[in-house]
Each structure stands twice: as C-alpha cells, then as structure tokens.
>>> print(open('protein14.cif').read())   # mmCIF, N, CA and C atoms
data_coords
loop_
_atom_site.label_atom_id
_atom_site.label_comp_id
_atom_site.auth_asym_id
_atom_site.auth_seq_id
_atom_site.Cartn_x
_atom_site.Cartn_y
_atom_site.Cartn_z
N MET A 1231 184.47 103.28 60.81
CA MET A 1231 183.17 102.67 60.65
C MET A 1231 183.22 101.66 59.52
N GLN A 1232 182.36 100.66 59.58
CA GLN A 1232 182.26 99.73 58.47
C GLN A 1232 181.51 100.40 57.33
N LYS A 1233 181.69 99.88 56.15
CA LYS A 1233 181.11 100.47 54.94
C LYS A 1233 179.67 99.98 54.78
N THR A 1234 178.78 100.41 55.70
CA THR A 1234 177.36 100.05 55.63
C THR A 1234 176.51 101.30 55.89
N LEU A 1235 175.31 101.30 55.34
CA LEU A 1235 174.41 102.44 55.57
C LEU A 1235 174.01 102.53 57.05
N GLU A 1236 173.89 101.41 57.73
CA GLU A 1236 173.57 101.43 59.16
C GLU A 1236 174.65 102.17 59.95
N ASP A 1237 175.90 101.92 59.57
CA ASP A 1237 177.00 102.60 60.26
C ASP A 1237 177.05 104.09 59.95
N VAL A 1238 176.55 104.49 58.78
CA VAL A 1238 176.46 105.93 58.47
C VAL A 1238 175.58 106.61 59.52
N ASP A 1239 174.42 106.04 59.77
CA ASP A 1239 173.51 106.64 60.76
C ASP A 1239 174.16 106.74 62.13
N LEU A 1240 174.80 105.66 62.57
CA LEU A 1240 175.46 105.66 63.88
C LEU A 1240 176.59 106.68 63.94
N MET A 1241 177.38 106.77 62.88
CA MET A 1241 178.50 107.70 62.85
C MET A 1241 178.00 109.14 62.85
N VAL A 1242 176.97 109.43 62.09
CA VAL A 1242 176.45 110.80 62.03
C VAL A 1242 175.86 111.20 63.38
N MET A 1243 175.17 110.29 64.03
CA MET A 1243 174.62 110.60 65.36
C MET A 1243 175.75 110.87 66.36
N SER A 1244 176.80 110.10 66.30
CA SER A 1244 177.95 110.30 67.17
C SER A 1244 178.64 111.63 66.86
N LEU A 1245 178.81 111.91 65.58
CA LEU A 1245 179.42 113.17 65.16
C LEU A 1245 178.58 114.35 65.61
N LYS A 1246 177.27 114.24 65.43
CA LYS A 1246 176.36 115.32 65.82
C LYS A 1246 176.51 115.65 67.31
N ALA A 1247 176.58 114.62 68.13
CA ALA A 1247 176.76 114.84 69.58
C ALA A 1247 178.09 115.52 69.87
N ALA A 1248 179.14 115.12 69.16
CA ALA A 1248 180.46 115.70 69.41
C ALA A 1248 180.56 117.15 68.96
N VAL A 1249 180.04 117.46 67.77
CA VAL A 1249 180.20 118.83 67.26
C VAL A 1249 179.18 119.80 67.85
N SER A 1250 178.12 119.29 68.47
CA SER A 1250 177.11 120.19 69.03
C SER A 1250 177.67 121.03 70.18
N MET A 1251 178.80 120.63 70.71
CA MET A 1251 179.45 121.42 71.76
C MET A 1251 180.19 122.61 71.17
N VAL A 1252 180.45 122.56 69.86
CA VAL A 1252 181.24 123.61 69.21
C VAL A 1252 180.43 124.35 68.16
N LEU A 1253 179.69 123.59 67.34
CA LEU A 1253 178.87 124.20 66.30
C LEU A 1253 177.43 124.25 66.77
N THR A 1254 176.74 125.33 66.46
CA THR A 1254 175.35 125.47 66.89
C THR A 1254 174.46 125.82 65.70
N GLY A 1255 173.18 125.61 65.88
CA GLY A 1255 172.18 126.03 64.89
C GLY A 1255 172.48 125.54 63.49
N ASP A 1256 172.44 126.48 62.55
CA ASP A 1256 172.64 126.16 61.13
C ASP A 1256 174.01 125.55 60.87
N ASP A 1257 175.03 125.97 61.63
CA ASP A 1257 176.37 125.44 61.41
C ASP A 1257 176.41 123.94 61.69
N ALA A 1258 175.75 123.51 62.76
CA ALA A 1258 175.69 122.08 63.10
C ALA A 1258 174.89 121.32 62.05
N VAL A 1259 173.82 121.90 61.56
CA VAL A 1259 173.00 121.25 60.54
C VAL A 1259 173.78 121.11 59.24
N ARG A 1260 174.51 122.14 58.84
CA ARG A 1260 175.33 122.07 57.63
C ARG A 1260 176.35 120.95 57.73
N CYS A 1261 176.97 120.82 58.90
CA CYS A 1261 177.95 119.76 59.12
C CYS A 1261 177.29 118.39 59.00
N GLU A 1262 176.15 118.22 59.64
CA GLU A 1262 175.44 116.94 59.61
C GLU A 1262 175.05 116.56 58.18
N ILE A 1263 174.53 117.50 57.42
CA ILE A 1263 174.12 117.23 56.04
C ILE A 1263 175.33 116.81 55.20
N SER A 1264 176.41 117.58 55.29
CA SER A 1264 177.59 117.29 54.48
C SER A 1264 178.18 115.93 54.79
N VAL A 1265 178.34 115.62 56.06
CA VAL A 1265 178.95 114.35 56.45
C VAL A 1265 178.03 113.19 56.08
N THR A 1266 176.73 113.34 56.28
CA THR A 1266 175.79 112.28 55.89
C THR A 1266 175.90 112.00 54.41
N GLU A 1267 175.91 113.03 53.59
CA GLU A 1267 175.99 112.84 52.14
C GLU A 1267 177.32 112.21 51.74
N ALA A 1268 178.43 112.68 52.33
CA ALA A 1268 179.74 112.14 51.98
C ALA A 1268 179.86 110.66 52.36
N LEU A 1269 179.45 110.32 53.57
CA LEU A 1269 179.54 108.93 54.00
C LEU A 1269 178.62 108.02 53.19
N THR A 1270 177.42 108.49 52.89
CA THR A 1270 176.49 107.69 52.09
C THR A 1270 177.06 107.44 50.70
N ASN A 1271 177.66 108.46 50.10
CA ASN A 1271 178.26 108.28 48.78
C ASN A 1271 179.39 107.26 48.81
N ILE A 1272 180.20 107.28 49.87
CA ILE A 1272 181.29 106.32 49.99
C ILE A 1272 180.73 104.91 50.12
N VAL A 1273 179.73 104.75 50.97
CA VAL A 1273 179.15 103.41 51.17
C VAL A 1273 178.54 102.88 49.87
N VAL A 1274 177.85 103.72 49.15
CA VAL A 1274 177.14 103.27 47.95
C VAL A 1274 178.08 103.12 46.74
N HIS A 1275 179.07 104.01 46.62
CA HIS A 1275 179.83 104.06 45.37
C HIS A 1275 181.29 103.62 45.44
N ALA A 1276 181.94 103.71 46.60
CA ALA A 1276 183.36 103.36 46.68
C ALA A 1276 183.54 101.85 46.58
N ASN A 1277 184.52 101.44 45.82
CA ASN A 1277 184.82 100.02 45.67
C ASN A 1277 186.19 99.73 46.27
N PRO A 1278 186.22 99.33 47.55
CA PRO A 1278 187.50 99.05 48.20
C PRO A 1278 188.09 97.73 47.73
N LYS A 1279 189.35 97.50 48.12
CA LYS A 1279 190.02 96.25 47.74
C LYS A 1279 189.41 95.05 48.44
N THR A 1280 188.94 95.22 49.67
CA THR A 1280 188.37 94.11 50.42
C THR A 1280 186.96 94.46 50.89
N ALA A 1281 186.14 93.46 51.06
CA ALA A 1281 184.74 93.66 51.44
C ALA A 1281 184.60 94.21 52.86
N ASP A 1282 185.57 93.95 53.72
CA ASP A 1282 185.47 94.41 55.11
C ASP A 1282 186.24 95.70 55.35
N ALA A 1283 186.44 96.49 54.30
CA ALA A 1283 187.18 97.75 54.42
C ALA A 1283 186.44 98.74 55.30
N PHE A 1284 187.20 99.58 55.95
CA PHE A 1284 186.64 100.59 56.84
C PHE A 1284 186.78 101.98 56.25
N VAL A 1285 185.87 102.86 56.67
CA VAL A 1285 185.94 104.28 56.38
C VAL A 1285 186.37 104.93 57.69
N ASP A 1286 187.43 105.71 57.65
CA ASP A 1286 187.90 106.38 58.86
C ASP A 1286 187.47 107.84 58.84
N LEU A 1287 187.14 108.34 60.01
CA LEU A 1287 186.67 109.71 60.16
C LEU A 1287 187.39 110.33 61.36
N ILE A 1288 187.96 111.51 61.15
CA ILE A 1288 188.64 112.24 62.21
C ILE A 1288 188.01 113.62 62.32
N VAL A 1289 187.63 114.01 63.53
CA VAL A 1289 187.06 115.33 63.77
C VAL A 1289 188.06 116.12 64.62
N THR A 1290 188.37 117.33 64.15
CA THR A 1290 189.33 118.17 64.85
C THR A 1290 188.74 119.55 65.03
N GLU A 1291 188.91 120.09 66.22
CA GLU A 1291 188.53 121.49 66.45
C GLU A 1291 189.77 122.35 66.34
N ILE A 1292 189.70 123.36 65.50
CA ILE A 1292 190.76 124.36 65.41
C ILE A 1292 190.14 125.68 65.84
N PRO A 1293 190.93 126.72 66.09
CA PRO A 1293 190.35 127.95 66.63
C PRO A 1293 189.16 128.51 65.86
N GLN A 1294 189.17 128.44 64.53
CA GLN A 1294 188.10 129.06 63.76
C GLN A 1294 187.07 128.09 63.21
N ALA A 1295 187.29 126.78 63.34
CA ALA A 1295 186.39 125.84 62.67
C ALA A 1295 186.45 124.45 63.28
N VAL A 1296 185.54 123.62 62.83
CA VAL A 1296 185.58 122.18 63.06
C VAL A 1296 185.90 121.56 61.71
N VAL A 1297 186.89 120.66 61.70
CA VAL A 1297 187.31 120.01 60.47
C VAL A 1297 186.99 118.52 60.58
N VAL A 1298 186.29 118.01 59.58
CA VAL A 1298 185.95 116.59 59.52
C VAL A 1298 186.71 115.99 58.34
N GLU A 1299 187.57 115.03 58.64
CA GLU A 1299 188.35 114.35 57.61
C GLU A 1299 187.76 112.96 57.43
N ILE A 1300 187.43 112.62 56.20
CA ILE A 1300 186.84 111.32 55.89
C ILE A 1300 187.80 110.61 54.93
N PHE A 1301 188.29 109.45 55.37
CA PHE A 1301 189.23 108.67 54.58
C PHE A 1301 188.49 107.52 53.91
N ASP A 1302 188.60 107.46 52.58
CA ASP A 1302 187.99 106.38 51.82
C ASP A 1302 188.55 105.04 52.27
N PRO A 1303 187.81 103.97 52.03
CA PRO A 1303 188.35 102.63 52.32
C PRO A 1303 189.62 102.40 51.50
N ALA A 1304 190.55 101.66 52.06
CA ALA A 1304 191.80 101.37 51.36
C ALA A 1304 191.52 100.77 49.99
N GLY A 1305 192.18 101.32 48.98
CA GLY A 1305 192.05 100.79 47.63
C GLY A 1305 190.95 101.40 46.79
N ALA A 1306 190.10 102.22 47.39
CA ALA A 1306 189.02 102.85 46.61
C ALA A 1306 189.62 103.86 45.63
N GLU A 1307 189.01 103.96 44.46
CA GLU A 1307 189.48 104.92 43.47
C GLU A 1307 189.23 106.34 43.97
N ALA A 1308 190.11 107.24 43.57
CA ALA A 1308 189.96 108.65 43.94
C ALA A 1308 188.67 109.20 43.33
N PHE A 1309 187.96 110.02 44.11
CA PHE A 1309 186.74 110.65 43.63
C PHE A 1309 186.63 112.01 44.31
N ASP A 1310 187.06 113.03 43.60
CA ASP A 1310 187.00 114.39 44.13
C ASP A 1310 185.61 114.94 43.83
N PRO A 1311 184.79 115.18 44.86
CA PRO A 1311 183.42 115.64 44.61
C PRO A 1311 183.36 116.96 43.86
N ARG A 1312 184.38 117.77 43.98
CA ARG A 1312 184.38 119.07 43.29
C ARG A 1312 184.41 118.90 41.78
N ASP A 1313 184.93 117.76 41.32
CA ASP A 1313 185.02 117.51 39.87
C ASP A 1313 183.75 116.91 39.28
N HIS A 1314 182.81 116.48 40.11
CA HIS A 1314 181.64 115.75 39.63
C HIS A 1314 180.31 116.37 40.04
N VAL A 1315 180.35 117.49 40.69
CA VAL A 1315 179.13 118.09 41.24
C VAL A 1315 178.22 118.63 40.14
N LYS A 1316 176.93 118.46 40.35
CA LYS A 1316 175.92 119.09 39.50
C LYS A 1316 175.36 120.27 40.30
N LEU A 1317 175.16 121.38 39.65
CA LEU A 1317 174.55 122.51 40.33
C LEU A 1317 173.15 122.12 40.79
N LEU A 1318 172.81 122.45 42.02
CA LEU A 1318 171.54 122.02 42.58
C LEU A 1318 170.34 122.41 41.72
N PRO A 1319 170.28 123.62 41.16
CA PRO A 1319 169.12 123.95 40.32
C PRO A 1319 169.03 123.10 39.05
N ALA A 1320 170.15 122.48 38.64
CA ALA A 1320 170.15 121.67 37.41
C ALA A 1320 169.62 120.26 37.65
N VAL A 1321 169.47 119.86 38.92
CA VAL A 1321 168.99 118.51 39.23
C VAL A 1321 167.47 118.51 39.15
N ASP A 1322 166.94 117.52 38.46
CA ASP A 1322 165.49 117.37 38.32
C ASP A 1322 164.86 117.30 39.71
N PRO A 1323 163.90 118.15 40.02
CA PRO A 1323 163.29 118.16 41.35
C PRO A 1323 162.63 116.83 41.71
N MET A 1324 162.28 116.03 40.72
CA MET A 1324 161.64 114.74 40.98
C MET A 1324 162.65 113.59 41.07
N ALA A 1325 163.92 113.87 40.80
CA ALA A 1325 164.94 112.82 40.84
C ALA A 1325 165.18 112.37 42.28
N GLU A 1326 165.42 111.07 42.44
CA GLU A 1326 165.67 110.52 43.76
C GLU A 1326 167.11 110.73 44.20
N SER A 1327 168.00 111.03 43.29
CA SER A 1327 169.40 111.23 43.65
C SER A 1327 169.99 112.34 42.80
N GLY A 1328 171.25 112.67 43.07
CA GLY A 1328 171.93 113.68 42.27
C GLY A 1328 172.21 114.97 43.00
N ARG A 1329 171.71 115.11 44.24
CA ARG A 1329 171.90 116.35 44.99
C ARG A 1329 173.05 116.29 45.99
N GLY A 1330 173.51 115.10 46.31
CA GLY A 1330 174.45 114.91 47.41
C GLY A 1330 175.73 115.71 47.31
N LEU A 1331 176.39 115.64 46.16
CA LEU A 1331 177.65 116.37 46.01
C LEU A 1331 177.42 117.87 46.09
N GLY A 1332 176.33 118.34 45.49
CA GLY A 1332 176.00 119.77 45.56
C GLY A 1332 175.75 120.21 46.99
N LEU A 1333 175.07 119.36 47.76
CA LEU A 1333 174.82 119.69 49.17
C LEU A 1333 176.11 119.75 49.97
N ILE A 1334 177.02 118.82 49.71
CA ILE A 1334 178.31 118.83 50.42
C ILE A 1334 179.02 120.15 50.15
N LEU A 1335 179.11 120.52 48.89
CA LEU A 1335 179.85 121.74 48.53
C LEU A 1335 179.13 123.00 48.98
N LYS A 1336 177.82 122.97 49.03
CA LYS A 1336 177.05 124.13 49.46
C LYS A 1336 177.15 124.33 50.98
N CYS A 1337 177.17 123.23 51.72
CA CYS A 1337 177.11 123.31 53.18
C CYS A 1337 178.47 123.52 53.84
N ALA A 1338 179.53 122.96 53.29
CA ALA A 1338 180.85 123.08 53.91
C ALA A 1338 181.48 124.42 53.53
N ASP A 1339 182.22 125.00 54.48
CA ASP A 1339 182.90 126.27 54.20
C ASP A 1339 184.19 126.06 53.41
N VAL A 1340 184.87 124.96 53.67
CA VAL A 1340 186.09 124.61 52.96
C VAL A 1340 186.03 123.13 52.60
N VAL A 1341 186.33 122.82 51.35
CA VAL A 1341 186.32 121.44 50.88
C VAL A 1341 187.68 121.16 50.24
N ARG A 1342 188.33 120.11 50.73
CA ARG A 1342 189.61 119.69 50.15
C ARG A 1342 189.54 118.19 49.91
N TYR A 1343 190.26 117.75 48.89
CA TYR A 1343 190.30 116.33 48.59
C TYR A 1343 191.66 115.99 48.02
N GLY A 1344 192.18 114.84 48.43
CA GLY A 1344 193.44 114.38 47.87
C GLY A 1344 194.03 113.26 48.69
N PRO A 1345 195.15 112.72 48.21
CA PRO A 1345 195.78 111.61 48.91
C PRO A 1345 196.51 112.07 50.17
N VAL A 1346 196.35 111.26 51.22
CA VAL A 1346 197.07 111.49 52.48
C VAL A 1346 197.47 110.12 53.01
N ASP A 1347 198.74 109.90 53.18
CA ASP A 1347 199.25 108.63 53.70
C ASP A 1347 198.69 107.42 52.96
N GLY A 1348 198.64 107.50 51.64
CA GLY A 1348 198.23 106.36 50.83
C GLY A 1348 196.73 106.15 50.71
N ARG A 1349 195.94 107.04 51.28
CA ARG A 1349 194.47 106.93 51.16
C ARG A 1349 193.91 108.24 50.68
N ASN A 1350 192.74 108.17 50.08
CA ASN A 1350 192.05 109.39 49.64
C ASN A 1350 191.30 109.99 50.81
N ARG A 1351 191.41 111.32 50.95
CA ARG A 1351 190.78 112.00 52.08
C ARG A 1351 189.94 113.18 51.59
N LEU A 1352 188.73 113.24 52.11
CA LEU A 1352 187.86 114.39 51.91
C LEU A 1352 187.88 115.17 53.22
N SER A 1353 188.28 116.42 53.16
CA SER A 1353 188.33 117.27 54.35
C SER A 1353 187.28 118.36 54.22
N LEU A 1354 186.40 118.43 55.22
CA LEU A 1354 185.33 119.42 55.24
C LEU A 1354 185.50 120.29 56.47
N ALA A 1355 185.51 121.60 56.28
CA ALA A 1355 185.64 122.51 57.42
C ALA A 1355 184.36 123.34 57.54
N PHE A 1356 183.96 123.56 58.81
CA PHE A 1356 182.75 124.32 59.12
C PHE A 1356 183.14 125.41 60.11
N LEU A 1357 182.96 126.65 59.70
CA LEU A 1357 183.33 127.78 60.55
C LEU A 1357 182.45 127.82 61.79
N LYS A 1358 183.06 128.21 62.91
CA LYS A 1358 182.31 128.33 64.16
C LYS A 1358 181.42 129.57 64.13
N ALA A 1359 180.40 129.58 64.98
CA ALA A 1359 179.49 130.73 65.10
C ALA A 1359 180.30 131.98 65.36
N GLY A 1360 179.85 133.06 64.77
CA GLY A 1360 180.55 134.32 64.94
C GLY A 1360 181.65 134.48 63.91
N ARG A 1361 182.12 133.40 63.35
CA ARG A 1361 183.17 133.46 62.34
C ARG A 1361 182.57 133.37 60.94
N ASN A 1362 181.29 133.01 60.86
CA ASN A 1362 180.69 132.83 59.54
C ASN A 1362 179.91 134.06 59.08
N GLN A 1363 180.13 135.18 59.72
CA GLN A 1363 179.45 136.40 59.29
C GLN A 1363 179.83 136.76 57.86
N SER A 1364 181.08 136.46 57.50
CA SER A 1364 181.52 136.76 56.14
C SER A 1364 181.64 135.48 55.32
N ARG A 1365 180.88 134.46 55.71
CA ARG A 1365 180.91 133.16 55.02
C ARG A 1365 180.63 133.35 53.54
N PRO A 1366 181.51 132.85 52.69
CA PRO A 1366 181.26 132.99 51.25
C PRO A 1366 180.02 132.20 50.85
N LYS A 1367 179.36 132.66 49.78
CA LYS A 1367 178.15 131.98 49.32
C LYS A 1367 178.47 130.61 48.74
N LYS A 1368 179.68 130.44 48.23
CA LYS A 1368 180.11 129.15 47.71
C LYS A 1368 181.32 128.72 48.52
N PRO A 1369 181.48 127.41 48.72
CA PRO A 1369 182.62 126.95 49.49
C PRO A 1369 183.95 127.27 48.82
N ILE A 1370 184.96 127.39 49.63
CA ILE A 1370 186.31 127.59 49.14
C ILE A 1370 186.85 126.20 48.83
N ALA A 1371 187.28 125.96 47.62
CA ALA A 1371 187.83 124.66 47.26
C ALA A 1371 189.28 124.84 46.85
N THR A 1372 190.16 124.05 47.44
CA THR A 1372 191.57 124.13 47.08
C THR A 1372 191.92 122.98 46.14
N GLN A 1373 193.08 123.05 45.56
CA GLN A 1373 193.52 122.02 44.64
C GLN A 1373 193.64 120.67 45.34
N SER A 1374 193.26 119.61 44.66
CA SER A 1374 193.41 118.27 45.23
C SER A 1374 194.88 117.96 45.40
N GLY A 1375 195.15 117.11 46.39
CA GLY A 1375 196.52 116.72 46.66
C GLY A 1375 197.17 117.52 47.75
N GLU A 1376 196.50 118.57 48.22
CA GLU A 1376 197.06 119.34 49.33
C GLU A 1376 196.92 118.54 50.60
N ASN A 1377 197.85 118.66 51.49
CA ASN A 1377 197.83 117.91 52.73
C ASN A 1377 197.48 118.77 53.91
N SER A 1378 196.64 119.74 53.73
CA SER A 1378 196.22 120.54 54.87
C SER A 1378 194.73 120.71 54.90
#
>>> encode(input="protein14.cif", output="structure tokens")
Amino acid sequence: MQKTLEDVDLMVMSLKAAVSMVLTGDDAVRCEISVTEALTNIVVHANPKTADAFVDLIVTEIPQAVVVEIFDPAGAEAFDPRDHVKLLPAVDPMAESGRGLGLILKCADVVRYGPVDGRNRLSLAFLKAGRNQSRPKKPIATQSGENS
C-alpha cells in the first residue's frame, strides 16, 4: 500500500474481509484495531527514504493463528512499539492520541518486531477461536530481531 491514510482504510477493509473467514467476533475486531493502529502510525510517523515508499503487508494463516506482517517503508528508522508503549490507564482520557501502541499490544496475542531482509517488520499474531481460551491478559512479546 502507499503511505497514505486513505490507503490505510482500503487495506484494513481488505484485511477484514480476508481474515473474517478465519477469525470471528472479538478476534476479528482485535485484529482490525491492531492493524489499523499500526498502519496509521507508520503513515503518520515513519520517514522513508523516498516519498513514494510503500508499506508491505503479508497475512498468513497458520494452524493456531492468523499472522499479519507489516513491513515499514524502505529506509524508515526502526521503531519497536514494545519499547515506546504507554499503559492505557496512564493516557489522559481527553487526549486525542497516545493510545495506539497500547491498543496494538493489548489486542494482539503475539507481537514481534525486528529486521527481516533489510526492512523493519512488525509481526502480529491473533489466535483463532477456540485457541484463545487460555489467552494471556497481556501479549507475548519476544526479543526484537527474531525472524519468526
């Protein structure tokens, strides 16, 4: 997708249609919220090398989850959301921003970030229905730089 807010809406709608065959109810909503927040943050804050840089998104179904990989535009500085998150209760309820990273980490079951093939990648996994009965209250975050 191009690095525009309009493309965020189009990408999220496309993603929602694709994952609705696998994720249902709250699981689908958690995925939509996380991806919307991640893509919006990239569009607003990432500074790629060129103005026409693209954000790449790959969706994969594995037996226990749906994994959404979001690749920053080429040349964008690394930004691991796990290192910059504010706890949701600490954000001023009247503030217009500041909740996005907390929502990503709250909604995704697994959050990974690190370099893959020369680009920064945010990987978000969402457990399928029936598998989230023992879903941890906080997402599982692994060390950055892992390639899985």
>>> residues_around(input="protein14.cif", residues="Phe1309 in chain A", least_positions_apart="3", cutoff="8 Å", atoms="all atoms listed in the file", output="list of chain:residue names")
A:Ala1306, A:Arg1312, A:Asp1313, A:His1314, A:Tyr1343, A:Gly1344, A:Asn1350, A:Arg1351
>>> closest_residue(input="protein14.cif", among="A:Leu1352, A:Met1231, A:Val1341, A:Val1274", to="Phe1301 in chain A", atoms="all atoms listed in the file")
A:Leu1352
>>> atom_distance(input="protein14.cif", atom1="atom C of Leu1269 in chain A", atom2="atom C of Ile1292 in chain A")
24.6 Å
>>> resolve_selection(input="protein14.cif", expression="the PyMOL selection byres (((chain A and resi 1295 and name CA) around 8) and name CA)", output="ChimeraX atom specification")
/A:1291-1294,1296-1297,1355-1358
>>> write_last_selection(input="protein14.cif", atoms="N, CA and C atoms", output="short mmCIF file (atom, residue, chain, number, x, y, z; two decimals), in the coordinates of the input")
data_model
loop_
_atom_site.label_atom_id
_atom_site.label_comp_id
_atom_site.auth_asym_id
_atom_site.auth_seq_id
_atom_site.Cartn_x
_atom_site.Cartn_y
_atom_site.Cartn_z
N GLU A 1291 188.91 120.09 66.22
CA GLU A 1291 188.53 121.49 66.45
C GLU A 1291 189.77 122.35 66.34
N ILE A 1292 189.70 123.36 65.50
CA ILE A 1292 190.76 124.36 65.41
C ILE A 1292 190.14 125.68 65.84
N PRO A 1293 190.93 126.72 66.09
CA PRO A 1293 190.35 127.95 66.63
C PRO A 1293 189.16 128.51 65.86
N GLN A 1294 189.17 128.44 64.53
CA GLN A 1294 188.10 129.06 63.76
C GLN A 1294 187.07 128.09 63.21
N VAL A 1296 185.54 123.62 62.83
CA VAL A 1296 185.58 122.18 63.06
C VAL A 1296 185.90 121.56 61.71
N VAL A 1297 186.89 120.66 61.70
CA VAL A 1297 187.31 120.01 60.47
C VAL A 1297 186.99 118.52 60.58
N ALA A 1355 185.51 121.60 56.28
CA ALA A 1355 185.64 122.51 57.42
C ALA A 1355 184.36 123.34 57.54
N PHE A 1356 183.96 123.56 58.81
CA PHE A 1356 182.75 124.32 59.12
C PHE A 1356 183.14 125.41 60.11
N LEU A 1357 182.96 126.65 59.70
CA LEU A 1357 183.33 127.78 60.55
C LEU A 1357 182.45 127.82 61.79
N LYS A 1358 183.06 128.21 62.91
CA LYS A 1358 182.31 128.33 64.16
C LYS A 1358 181.42 129.57 64.13
#
>>> atom_distance(input="protein14.cif", atom1="atom N of Ile1263 in chain A", atom2="atom N of Val1285 in chain A")
18.5 Å
>>> select_by_dssp(input="protein14.cif", residues="range 1242-1290 of chain A", states="helix (DSSP H, G or I)", output="ChimeraX atom specification")
/A:1242-1249,1255-1275
>>> atom_distance(input="protein14.cif", atom1="CA of Glu1262 in chain A", atom2="CA of Met1241 in chain A")
10.3 Å
>>> closest_residue(input="protein14.cif", among="A:Ile1288, A:Ala1338, A:Ala1283, A:Ala1308", to="Gln1232 in chain A", atoms="all atoms listed in the file")
A:Ala1283
>>> resolve_selection(input="protein14.cif", expression="the PyMOL selection byres (((chain A and resi 1266 and name CA) around 12) and name CA)", output="JSON, numbers by chain")
{"A": [1235, 1236, 1237, 1238, 1239, 1240, 1241, 1242, 1243, 1244, 1245, 1246, 1259, 1260, 1261, 1262, 1263, 1264, 1265, 1267, 1268, 1269, 1270, 1271, 1272, 1273, 1287, 1298, 1300, 1330, 1331, 1333, 1334, 1337, 1354]}
>>> closest_residue(input="protein14.cif", among="A:Pro1311, A:Ala1359, A:Val1289, A:Val1252", to="Arg1342 in chain A", atoms="only N, CA and C atoms")
A:Pro1311
>>> select_by_dssp(input="protein14.cif", residues="range 1232-1360 of chain A", states="strand (DSSP E)", output="VMD selection string")
chain A and resid 1286 to 1292 1295 to 1301 1340 to 1346 1349 to 1357
>>> closest_residue(input="protein14.cif", among="A:Lys1233, A:Glu1299, A:Glu1307, A:Asp1257", to="Phe1284 in chain A", atoms="only C-alpha atoms")
A:Lys1233
>>> axis_aligned_box(input="protein14.cif", around="range 1245-1248 of chain A", padding_each_side="5 Å", output="lines of an AutoDock Vina configuration file")
center_x = 178.5
center_y = 114.5
center_z = 67.5
size_x = 14.2
size_y = 15.2
size_z = 14.7
